[in-house]
>>> print(open('target_7.cif').read())   # mmCIF, C-alpha atoms
data_entry
#
loop_
_atom_site.label_atom_id
_atom_site.label_comp_id
_atom_site.auth_asym_id
_atom_site.auth_seq_id
_atom_site.Cartn_x
_atom_site.Cartn_y
_atom_site.Cartn_z
CA MET A 1 20.53 19.15 -15.98
CA PHE A 2 21.19 15.62 -17.20
CA ARG A 3 20.72 12.24 -15.58
CA PHE A 4 20.03 8.55 -16.22
CA ALA A 5 16.74 7.34 -14.73
CA ASN A 6 17.98 3.71 -14.61
CA PRO A 7 21.78 3.96 -14.40
CA GLU A 8 22.11 0.26 -13.47
CA TYR A 9 21.79 -0.63 -17.17
CA LEU A 10 25.05 1.19 -17.87
CA TYR A 11 26.80 -1.88 -16.49
CA MET A 12 26.05 -3.43 -19.90
CA LEU A 13 28.83 -1.24 -21.29
CA LEU A 14 31.33 -3.38 -19.37
CA LEU A 15 30.68 -6.09 -21.96
CA LEU A 16 31.98 -3.92 -24.80
CA PRO A 17 35.73 -4.51 -24.17
CA VAL A 18 34.97 -8.24 -24.11
CA LEU A 19 33.29 -8.02 -27.52
CA VAL A 20 36.25 -6.09 -28.96
CA ALA A 21 38.68 -8.67 -27.55
CA VAL A 22 36.67 -11.56 -29.01
CA HIS A 23 36.55 -9.82 -32.40
CA ILE A 24 40.31 -9.20 -32.48
CA ILE A 25 41.12 -12.75 -31.41
CA SER A 26 38.74 -14.18 -34.05
CA SER A 27 40.35 -12.04 -36.78
CA ILE A 28 43.84 -13.16 -35.77
CA ARG A 29 42.82 -16.82 -35.71
CA ARG A 30 41.16 -16.51 -39.11
CA LYS A 31 44.31 -15.06 -40.72
CA ARG A 32 46.47 -17.69 -39.02
CA MET A 33 44.29 -20.52 -40.37
CA LEU A 34 44.45 -19.07 -43.88
CA ARG A 35 48.26 -18.87 -43.71
CA GLU A 36 48.40 -22.47 -42.51
CA TYR A 37 46.19 -23.50 -45.40
CA GLY A 38 48.45 -21.92 -48.05
CA ASP A 39 50.01 -18.74 -49.35
CA TYR A 40 47.92 -15.88 -47.96
CA GLU A 41 48.22 -13.59 -51.02
CA LEU A 42 47.43 -16.43 -53.38
CA ILE A 43 44.34 -17.38 -51.39
CA ARG A 44 43.15 -13.79 -51.57
CA GLU A 45 43.53 -13.83 -55.34
CA LEU A 46 41.49 -17.02 -55.49
CA MET A 47 38.67 -15.33 -53.51
CA PRO A 48 38.14 -11.99 -55.33
CA ASP A 49 34.72 -11.44 -53.81
CA ALA A 50 35.98 -11.72 -50.23
CA SER A 51 36.36 -8.45 -48.34
CA GLU A 52 38.36 -7.72 -45.21
CA MET A 53 36.84 -4.29 -44.59
CA ARG A 54 33.17 -5.22 -44.74
CA PRO A 55 33.15 -7.65 -41.79
CA LYS A 56 34.99 -5.02 -39.76
CA ILE A 57 32.45 -2.36 -40.71
CA LYS A 58 29.57 -4.72 -39.84
CA PHE A 59 31.16 -5.51 -36.48
CA TRP A 60 31.64 -1.86 -35.52
CA LEU A 61 28.08 -1.01 -36.58
CA ALA A 62 26.73 -3.81 -34.37
CA PHE A 63 29.13 -2.78 -31.61
CA SER A 64 27.85 0.79 -31.72
CA ALA A 65 24.22 -0.40 -31.66
CA ILE A 66 24.88 -2.53 -28.55
CA ALA A 67 26.64 0.35 -26.79
CA LEU A 68 23.79 2.73 -27.54
CA SER A 69 21.26 0.10 -26.41
CA GLY A 70 22.83 0.14 -22.96
CA ILE A 71 22.55 3.90 -22.86
CA LEU A 72 18.96 3.69 -24.14
CA LEU A 73 17.91 1.26 -21.39
CA ALA A 74 19.47 3.60 -18.80
CA ARG A 75 16.88 6.21 -19.91
CA PRO A 76 18.81 9.43 -20.48
CA GLN A 77 16.87 12.49 -19.32
CA PHE A 78 17.68 16.11 -19.87
CA GLY A 79 16.16 19.54 -19.31
CA SER A 80 12.76 20.31 -17.83
CA ARG A 81 9.16 20.55 -18.94
CA GLN A 82 6.44 22.86 -17.65
CA ASP A 83 2.75 22.09 -18.02
CA THR A 84 -0.27 24.16 -17.05
CA VAL A 85 -3.39 22.18 -16.19
CA VAL A 86 -6.83 23.13 -14.92
CA ARG A 87 -7.96 21.33 -11.79
CA SER A 88 -11.14 21.43 -9.75
CA GLY A 89 -10.51 21.16 -6.03
CA ILE A 90 -10.12 22.89 -2.69
CA GLU A 91 -7.26 24.51 -0.81
CA THR A 92 -6.22 23.11 2.55
CA ILE A 93 -3.69 24.46 5.04
CA ILE A 94 -2.71 22.02 7.80
CA CYS A 95 -1.40 23.49 11.06
CA LEU A 96 0.48 20.78 12.95
CA ASP A 97 1.37 21.16 16.61
CA ILE A 98 4.98 19.98 17.12
CA SER A 99 5.44 21.02 20.75
CA ASN A 100 7.11 18.55 23.12
CA SER A 101 3.72 17.49 24.51
CA MET A 102 2.98 15.92 21.11
CA LEU A 103 5.61 13.28 21.89
CA ALA A 104 3.25 11.75 24.47
CA GLU A 105 2.31 8.15 23.72
CA ASP A 106 -1.30 8.04 24.88
CA VAL A 107 -2.15 7.65 21.18
CA ALA A 108 -0.05 5.01 19.43
CA PRO A 109 2.70 5.31 18.45
CA SER A 110 2.70 8.93 19.70
CA ARG A 111 0.55 12.00 19.26
CA LEU A 112 2.92 13.46 16.68
CA GLU A 113 3.41 10.27 14.67
CA LYS A 114 -0.34 9.61 14.68
CA SER A 115 -0.89 13.17 13.40
CA LYS A 116 1.66 12.68 10.64
CA ARG A 117 -0.06 9.48 9.55
CA ILE A 118 -3.40 11.29 9.41
CA ILE A 119 -1.88 13.98 7.20
CA SER A 120 -0.22 11.39 4.97
CA ASN A 121 -3.51 9.53 4.50
CA LEU A 122 -5.29 12.81 3.82
CA VAL A 123 -2.75 13.71 1.13
CA ASP A 124 -3.34 10.30 -0.48
CA GLN A 125 -7.04 11.19 -0.79
CA PHE A 126 -6.36 14.51 -2.53
CA GLN A 127 -6.48 14.57 -6.32
CA ASP A 128 -7.01 18.02 -7.81
CA ASP A 129 -6.62 19.95 -4.58
CA LYS A 130 -3.88 22.12 -3.09
CA ILE A 131 -2.24 21.66 0.27
CA GLY A 132 0.04 23.69 2.52
CA LEU A 133 1.73 22.78 5.79
CA ILE A 134 2.42 24.97 8.82
CA VAL A 135 4.19 23.71 11.94
CA PHE A 136 3.95 25.48 15.27
CA ALA A 137 4.90 25.35 18.92
CA GLY A 138 5.84 28.62 20.62
CA ASP A 139 6.31 30.03 17.11
CA ALA A 140 4.78 29.11 13.77
CA PHE A 141 6.28 28.95 10.31
CA VAL A 142 5.38 27.64 6.85
CA GLN A 143 6.94 24.24 6.29
CA LEU A 144 5.41 23.87 2.80
CA PRO A 145 3.73 26.68 0.81
CA ILE A 146 0.40 25.77 -0.71
CA THR A 147 1.00 23.47 -3.67
CA SER A 148 -0.37 20.61 -5.76
CA ASP A 149 2.89 18.70 -5.36
CA PHE A 150 1.72 15.96 -3.01
CA ILE A 151 5.02 14.08 -3.27
CA SER A 152 6.88 17.05 -1.80
CA ALA A 153 4.23 17.34 0.90
CA LYS A 154 4.91 13.79 2.07
CA ILE A 155 8.67 14.32 1.91
CA PHE A 156 8.43 17.44 4.08
CA LEU A 157 6.12 15.58 6.44
CA GLU A 158 8.73 12.91 7.18
CA SER A 159 11.25 15.49 8.41
CA ILE A 160 8.95 17.11 10.99
CA SER A 161 9.94 16.92 14.66
CA PRO A 162 9.76 19.21 17.72
CA SER A 163 13.39 20.26 17.08
CA LEU A 164 12.21 22.39 14.12
CA VAL A 165 10.90 25.06 16.49
CA ALA A 166 13.31 26.51 19.03
CA ARG A 167 10.72 28.15 21.30
CA GLN A 168 8.42 25.67 22.97
CA GLY A 169 4.77 26.30 23.78
CA THR A 170 1.55 26.02 21.77
CA ASN A 171 0.78 29.22 19.89
CA ILE A 172 -2.38 28.30 17.97
CA LYS A 173 -3.20 31.95 17.35
CA GLU A 174 -0.03 32.56 15.33
CA ALA A 175 -0.57 29.35 13.36
CA LEU A 176 -4.11 30.37 12.39
CA THR A 177 -3.05 33.89 11.47
CA LEU A 178 -0.25 32.55 9.29
CA ALA A 179 -2.59 30.04 7.65
CA SER A 180 -5.08 32.76 6.68
CA ARG A 181 -2.29 34.58 4.83
CA SER A 182 -1.07 31.46 3.04
CA PHE A 183 -4.02 30.80 0.70
CA THR A 184 -4.17 31.88 -2.94
CA PRO A 185 -6.25 34.97 -3.88
CA ASN A 186 -8.90 32.79 -5.55
CA GLU A 187 -12.09 33.55 -3.60
CA SER A 188 -14.36 31.03 -5.31
CA VAL A 189 -12.55 27.92 -4.13
CA GLY A 190 -13.28 26.31 -0.77
CA LYS A 191 -10.53 26.88 1.81
CA ALA A 192 -9.98 24.83 4.94
CA VAL A 193 -7.62 25.21 7.88
CA ILE A 194 -6.99 21.97 9.74
CA VAL A 195 -5.43 22.35 13.19
CA ILE A 196 -4.00 19.17 14.68
CA THR A 197 -3.11 19.71 18.32
CA ASP A 198 -3.51 18.52 21.89
CA GLY A 199 -5.11 21.86 22.72
CA GLU A 200 -2.64 22.89 25.42
CA ASN A 201 -2.68 26.48 24.24
CA HIS A 202 -0.15 28.64 26.07
CA GLU A 203 -0.99 31.87 24.23
CA ALA A 204 -4.21 33.90 24.20
CA GLY A 205 -6.20 34.83 21.11
CA ALA A 206 -6.67 31.42 19.45
CA VAL A 207 -10.47 31.66 19.42
CA GLU A 208 -10.36 35.22 18.08
CA ALA A 209 -7.92 34.13 15.33
CA ALA A 210 -10.28 31.29 14.34
CA LYS A 211 -13.18 33.74 14.17
CA ALA A 212 -11.13 36.07 11.94
CA ALA A 213 -10.29 33.15 9.67
CA ALA A 214 -13.99 32.29 9.33
CA GLU A 215 -14.79 35.89 8.44
CA SER A 216 -12.21 35.64 5.64
CA GLY A 217 -14.01 32.60 4.23
CA HIS A 218 -11.75 29.94 5.73
CA VAL A 219 -13.33 27.01 7.57
CA VAL A 220 -11.36 25.89 10.62
CA TYR A 221 -11.38 22.23 11.63
CA VAL A 222 -9.65 20.97 14.76
CA LEU A 223 -8.36 17.46 15.39
CA GLY A 224 -7.69 16.86 19.09
CA VAL A 225 -4.91 14.33 19.71
CA GLY A 226 -4.28 12.75 23.11
CA SER A 227 -6.06 11.65 26.24
CA PRO A 228 -8.05 14.03 28.47
CA ALA A 229 -6.89 11.95 31.44
CA GLY A 230 -3.30 12.98 30.83
CA THR A 231 0.00 11.17 30.37
CA PRO A 232 3.70 11.95 30.98
CA ILE A 233 5.95 13.16 28.16
CA PRO A 234 8.81 10.77 27.27
CA GLY A 235 12.30 12.09 27.91
CA SER A 236 15.42 11.82 25.79
CA ARG A 237 16.24 8.38 27.27
CA ASN A 238 14.08 5.26 27.27
CA GLY A 239 11.99 4.94 30.40
CA GLU A 240 12.52 8.53 31.45
CA PHE A 241 9.93 11.34 31.46
CA ARG A 242 10.28 15.07 31.16
CA LYS A 243 10.25 17.01 34.43
CA ASP A 244 9.65 20.62 35.36
CA LYS A 245 12.17 22.86 37.15
CA ASP A 246 11.01 21.49 40.50
CA GLY A 247 11.71 17.90 39.45
CA ASN A 248 8.06 16.88 39.00
CA VAL A 249 7.03 14.73 36.05
CA ILE A 250 5.19 16.81 33.46
CA VAL A 251 1.73 15.49 32.61
CA THR A 252 0.09 16.61 29.38
CA ARG A 253 -3.67 16.48 28.81
CA LEU A 254 -5.84 16.97 25.76
CA ASN A 255 -7.80 20.22 26.19
CA GLU A 256 -10.96 19.25 24.34
CA GLN A 257 -12.86 22.36 25.38
CA MET A 258 -10.24 24.60 23.81
CA CYS A 259 -10.36 22.53 20.62
CA ARG A 260 -14.15 22.74 20.46
CA ASP A 261 -14.11 26.50 21.04
CA ILE A 262 -11.62 27.06 18.22
CA ALA A 263 -13.57 24.86 15.78
CA GLU A 264 -16.87 26.55 16.66
CA ALA A 265 -15.41 30.03 16.21
CA GLY A 266 -13.91 28.95 12.88
CA GLY A 267 -17.22 27.66 11.52
CA GLY A 268 -15.91 24.11 11.30
CA ALA A 269 -16.01 20.99 13.44
CA TYR A 270 -14.00 19.30 16.16
CA MET A 271 -12.91 15.67 15.84
CA TYR A 272 -11.31 13.53 18.52
CA VAL A 273 -8.36 11.44 17.38
CA ASP A 274 -7.99 8.00 18.91
CA ASN A 275 -6.31 4.81 17.73
CA THR A 276 -8.91 4.29 14.99
CA ASN A 277 -9.38 6.15 11.70
CA SER A 278 -12.78 7.59 12.64
CA ALA A 279 -11.41 11.16 12.81
CA GLU A 280 -9.95 10.81 9.29
CA LYS A 281 -13.27 9.65 7.86
CA ALA A 282 -15.19 12.45 9.60
CA LEU A 283 -12.71 15.05 8.35
CA GLN A 284 -12.89 13.76 4.78
CA LYS A 285 -16.69 14.04 4.83
CA GLU A 286 -16.41 17.64 6.03
CA LEU A 287 -13.92 18.53 3.29
CA ASP A 288 -16.16 16.97 0.63
CA HIS A 289 -18.80 19.60 1.44
CA LEU A 290 -16.49 22.49 0.56
CA ASN A 291 -16.90 24.29 -2.74
CA LYS A 292 -14.59 23.14 -5.52
CA ASP A 293 -13.54 25.44 -8.32
CA ASP A 294 -11.34 25.29 -11.41
CA VAL A 295 -7.81 26.41 -10.68
CA GLU A 296 -4.90 26.68 -13.10
CA THR A 297 -1.91 24.82 -11.73
CA THR A 298 1.61 24.87 -13.12
CA ILE A 299 3.29 21.49 -12.94
CA PHE A 300 7.03 21.16 -13.42
CA THR A 301 8.54 17.92 -14.63
CA GLU A 302 12.19 18.19 -13.81
CA PHE A 303 13.45 15.78 -16.45
CA ASP A 304 12.29 15.04 -19.97
CA GLU A 305 12.98 11.72 -21.72
CA GLN A 306 15.63 11.86 -24.46
CA PHE A 307 15.62 8.23 -25.65
CA GLN A 308 13.97 8.89 -29.03
CA ILE A 309 17.11 10.17 -30.76
CA ILE A 310 19.19 7.23 -29.54
CA ALA A 311 16.50 4.77 -30.64
CA TRP A 312 16.53 6.17 -34.19
CA ILE A 313 20.34 5.99 -34.33
CA ILE A 314 20.29 2.35 -33.18
CA LEU A 315 17.68 1.51 -35.82
CA ALA A 316 19.73 3.18 -38.55
CA LEU A 317 22.90 1.34 -37.50
CA LEU A 318 21.14 -2.04 -37.53
CA ILE A 319 19.59 -1.39 -40.96
CA ILE A 320 22.98 -0.41 -42.42
CA GLU A 321 24.63 -3.46 -40.83
CA LEU A 322 21.92 -5.67 -42.35
CA ILE A 323 22.29 -4.16 -45.83
CA ILE A 324 26.06 -4.50 -46.00
CA SER A 325 27.12 -8.00 -47.06
CA GLU A 326 30.44 -9.54 -46.07
CA SER A 327 31.50 -10.11 -49.70
CA ARG A 328 31.70 -7.75 -52.64
CA ASN A 329 28.97 -7.69 -55.30
CA ALA A 330 30.44 -9.24 -58.42
CA ARG A 331 28.45 -6.91 -60.69
CA LEU A 332 29.88 -3.83 -58.95
CA ARG A 333 33.44 -5.09 -58.78
CA ASN A 334 34.58 -2.90 -61.68
CA ILE A 335 33.09 0.32 -60.27
CA SER A 336 35.83 2.70 -59.15
CA LEU A 337 34.52 2.86 -55.56
CA PHE A 338 34.86 -0.89 -55.13
CA ASN A 339 38.14 -1.01 -56.97
CA SER A 340 39.50 1.54 -54.53
CA GLU A 341 38.36 -0.67 -51.67
CA ASN A 342 40.23 -3.58 -53.20
CA GLU A 343 43.35 -1.48 -53.55
CA GLY A 344 42.99 -0.28 -49.95
CA GLU A 345 42.86 -3.84 -48.69
CA LYS A 346 46.01 -4.70 -50.54
#
>>> encode(input="target_7.cif", output="structure tokens")
Amino acid sequence: MFRFANPEYLYMLLLLPVLVAVHIISSIRRKRMLREYGDYELIRELMPDASEMRPKIKFWLAFSAIALSGILLARPQFGSRQDTVVRSGIETIICLDISNSMLAEDVAPSRLEKSKRIISNLVDQFQDDKIGLIVFAGDAFVQLPITSDFISAKIFLESISPSLVARQGTNIKEALTLASRSFTPNESVGKAVIVITDGENHEAGAVEAAKAAAESGHVVYVLGVGSPAGTPIPGSRNGEFRKDKDGNVIVTRLNEQMCRDIAEAGGGAYMYVDNTNSAEKALQKELDHLNKDDVETTIFTEFDEQFQIIAWIILALLIIELIISESRNARLRNISLFNSENEGEK
């Protein structure tokens, strides 16, 4: 695969036709002035050291160097590079609740958007760690397999919405079970499962799944998002709220007891998310206590810089252009090579 990292510099190439036009016009004007001055062939005989070819060669060398400079500044990149590095960190799987109740706005700007900001800030704190992302509602699926590519993690995070899961509900059990299967086989590294939810669990077995995760060596942390007092869920139109089949406005409440039970069974801690960053700080302190171990990570760089070859060509062209003089060397005039040049110009 080939690309230019800064293609805007290719606009410099639009100047090349202008340079050619200026060169042609200058050459024509020069010959016209010489003819006005006197007989053109006689003037050439009177200037034996003058050369018509050398200025042209110098121009095209400089022209080529300018053209390649535009391409150089555009940073041509080609191929791929693979590096293997050793990092010391932990593995974290985040299970994000994306059920419709997470659209509630009792936490600004909404439960879901607040959760996404927490994850984004958490990713910014990671250095040599690995992260995976699972989204769940009535079903759960892996949005991002465990990786050290934090840029991809943030890109995937931006696209998350309740529409990703067709079946609504809050199946924390399935999310925890899927998370336990998503870690690497490395048993010496600390592994954390972070569940971000409002705790409105509609399926049984969440506590048992958290206990099973703890038995496998995975610490389960739960971040509870929302208000225990309850709030309506915004509808598809501004000012409207979601209603049940009987026409009653649906009120969603944070189930803190469920969140605490899951965290306790998972050997972790429960943190309440409000409009401050206190939950983020508490979570980061908890993660800092996990065991870090050296892990080999393969990093792919999609494009490799290819400017070096062009830079050497430009340098060679400029050196040659500098060496070539516009007039012939009088001492070399009788050498066959330079005599042939003289004959060619005639």
>>> resolve_selection(input="target_7.cif", expression="the PyMOL selection byres ((chain A and resi 102) around 10)", output="JSON, numbers by chain")
{"A": [96, 97, 98, 99, 100, 101, 103, 104, 105, 106, 107, 110, 111, 112, 113, 114, 115, 137, 161, 162, 197, 198, 200, 225, 226, 233, 234, 252]}
>>> closest_residue(input="target_7.cif", among="A:Thr276, A:Ser88, A:Gln308, A:Ser148", to="A:Pro76", atoms="only C-alpha atoms")
A:Gln308
>>> resolve_selection(input="target_7.cif", expression="the PyMOL selection byres ((chain A and resi 214) around 10)", output="list in words")
Ser180, Lys191, Ala192, Val193, Glu208, Ala209, Ala210, Lys211, Ala212, Ala213, Glu215, Ser216, Gly217, His218, Val219, Val220, Ala263, Glu264, Ala265, Gly266, Gly267 and Gly268 of chain A
>>> resolve_selection(input="target_7.cif", expression="the PyMOL selection byres ((chain A and resi 128) around 8)", output="number ranges by chain")
A: 87-90, 126-127, 129-130, 148
>>> closest_residue(input="target_7.cif", among="A:Asn248, A:Gln143, A:Asn238, A:Asn6", to="A:Ile160", atoms="only C-alpha atoms")
A:Gln143
>>> atom_distance(input="target_7.cif", atom1="atom CA of A:Pro17", atom2="atom CA of A:Ile57")
17.0 Å
>>> closest_residue(input="target_7.cif", among="A:Asp261, A:Glu203, A:Glu187, A:Glu158", to="A:Glu91", atoms="all atoms listed in the file")
A:Glu187
>>> closest_residue(input="target_7.cif", among="A:Val195, A:Ala316, A:Ile310, A:Val249", to="A:Ala269", atoms="only C-alpha atoms")
A:Val195
>>> residues_around(input="target_7.cif", residues="A:Gly205", least_positions_apart="5", cutoff="9 Å", atoms="only C-alpha atoms", output="PyMOL selection string")
chain A and resi 172-174+210
>>> residues_around(input="target_7.cif", residues="A:Gln125", least_positions_apart="2", cutoff="12 Å", atoms="only C-alpha atoms", output="ChimeraX atom specification")
/A:89,118-123,127-131,150,280-281,283-285,287-288
>>> build_atoms(input="target_7.cif", residues="stretch 3-26 of chain A", atoms="N, CA and C atoms", output="JSON list (two decimals), in the frame of the given file")
[["chain", "number", "residue", "atom", "x", "y", "z"],
["A", 3, "ARG", "N", 20.61, 13.40, -16.44],
["A", 3, "ARG", "CA", 20.72, 12.24, -15.58],
["A", 3, "ARG", "C", 20.26, 10.99, -16.32],
["A", 4, "PHE", "N", 20.56, 9.83, -15.75],
["A", 4, "PHE", "CA", 20.03, 8.55, -16.22],
["A", 4, "PHE", "C", 19.00, 8.08, -15.19],
["A", 5, "ALA", "N", 17.79, 7.78, -15.65],
["A", 5, "ALA", "CA", 16.74, 7.34, -14.73],
["A", 5, "ALA", "C", 17.01, 5.94, -14.20],
["A", 6, "ASN", "N", 17.63, 5.07, -15.02],
["A", 6, "ASN", "CA", 17.98, 3.71, -14.61],
["A", 6, "ASN", "C", 19.45, 3.45, -14.89],
["A", 7, "PRO", "N", 20.33, 4.05, -14.11],
["A", 7, "PRO", "CA", 21.78, 3.96, -14.40],
["A", 7, "PRO", "C", 22.33, 2.54, -14.27],
["A", 8, "GLU", "N", 21.59, 1.62, -13.63],
["A", 8, "GLU", "CA", 22.11, 0.26, -13.47],
["A", 8, "GLU", "C", 22.34, -0.44, -14.80],
["A", 9, "TYR", "N", 21.61, -0.01, -15.85],
["A", 9, "TYR", "CA", 21.79, -0.63, -17.17],
["A", 9, "TYR", "C", 23.10, -0.22, -17.83],
["A", 10, "LEU", "N", 23.75, 0.79, -17.31],
["A", 10, "LEU", "CA", 25.05, 1.19, -17.87],
["A", 10, "LEU", "C", 26.12, 0.13, -17.64],
["A", 11, "TYR", "N", 25.85, -0.79, -16.71],
["A", 11, "TYR", "CA", 26.80, -1.88, -16.49],
["A", 11, "TYR", "C", 26.92, -2.76, -17.74],
["A", 12, "MET", "N", 25.95, -2.68, -18.64],
["A", 12, "MET", "CA", 26.05, -3.43, -19.90],
["A", 12, "MET", "C", 27.27, -3.00, -20.70],
["A", 13, "LEU", "N", 27.69, -1.75, -20.53],
["A", 13, "LEU", "CA", 28.83, -1.24, -21.29],
["A", 13, "LEU", "C", 30.12, -1.96, -20.92],
["A", 14, "LEU", "N", 30.13, -2.62, -19.75],
["A", 14, "LEU", "CA", 31.33, -3.38, -19.37],
["A", 14, "LEU", "C", 31.57, -4.57, -20.29],
["A", 15, "LEU", "N", 30.53, -4.98, -21.02],
["A", 15, "LEU", "CA", 30.68, -6.09, -21.96],
["A", 15, "LEU", "C", 31.38, -5.68, -23.25],
["A", 16, "LEU", "N", 31.43, -4.38, -23.53],
["A", 16, "LEU", "CA", 31.98, -3.92, -24.80],
["A", 16, "LEU", "C", 33.45, -4.28, -24.98],
["A", 17, "PRO", "N", 34.32, -4.09, -23.99],
["A", 17, "PRO", "CA", 35.73, -4.51, -24.17],
["A", 17, "PRO", "C", 35.85, -6.00, -24.45],
["A", 18, "VAL", "N", 34.95, -6.80, -23.86],
["A", 18, "VAL", "CA", 34.97, -8.24, -24.11],
["A", 18, "VAL", "C", 34.64, -8.53, -25.57],
["A", 19, "LEU", "N", 33.65, -7.82, -26.11],
["A", 19, "LEU", "CA", 33.29, -8.02, -27.52],
["A", 19, "LEU", "C", 34.44, -7.63, -28.44],
["A", 20, "VAL", "N", 35.11, -6.53, -28.14],
["A", 20, "VAL", "CA", 36.25, -6.09, -28.96],
["A", 20, "VAL", "C", 37.36, -7.14, -28.90],
["A", 21, "ALA", "N", 37.63, -7.66, -27.70],
["A", 21, "ALA", "CA", 38.68, -8.67, -27.55],
["A", 21, "ALA", "C", 38.34, -9.92, -28.34],
["A", 22, "VAL", "N", 37.09, -10.37, -28.27],
["A", 22, "VAL", "CA", 36.67, -11.56, -29.01],
["A", 22, "VAL", "C", 36.80, -11.33, -30.51],
["A", 23, "HIS", "N", 36.44, -10.13, -30.97],
["A", 23, "HIS", "CA", 36.55, -9.82, -32.40],
["A", 23, "HIS", "C", 38.00, -9.83, -32.87],
["A", 24, "ILE", "N", 38.89, -9.25, -32.11],
["A", 24, "ILE", "CA", 40.31, -9.20, -32.48],
["A", 24, "ILE", "C", 40.90, -10.60, -32.50],
["A", 25, "ILE", "N", 40.59, -11.38, -31.46],
["A", 25, "ILE", "CA", 41.12, -12.75, -31.41],
["A", 25, "ILE", "C", 40.60, -13.58, -32.57],
["A", 26, "SER", "N", 39.32, -13.43, -32.93],
["A", 26, "SER", "CA", 38.74, -14.18, -34.05],
["A", 26, "SER", "C", 39.41, -13.79, -35.36]]
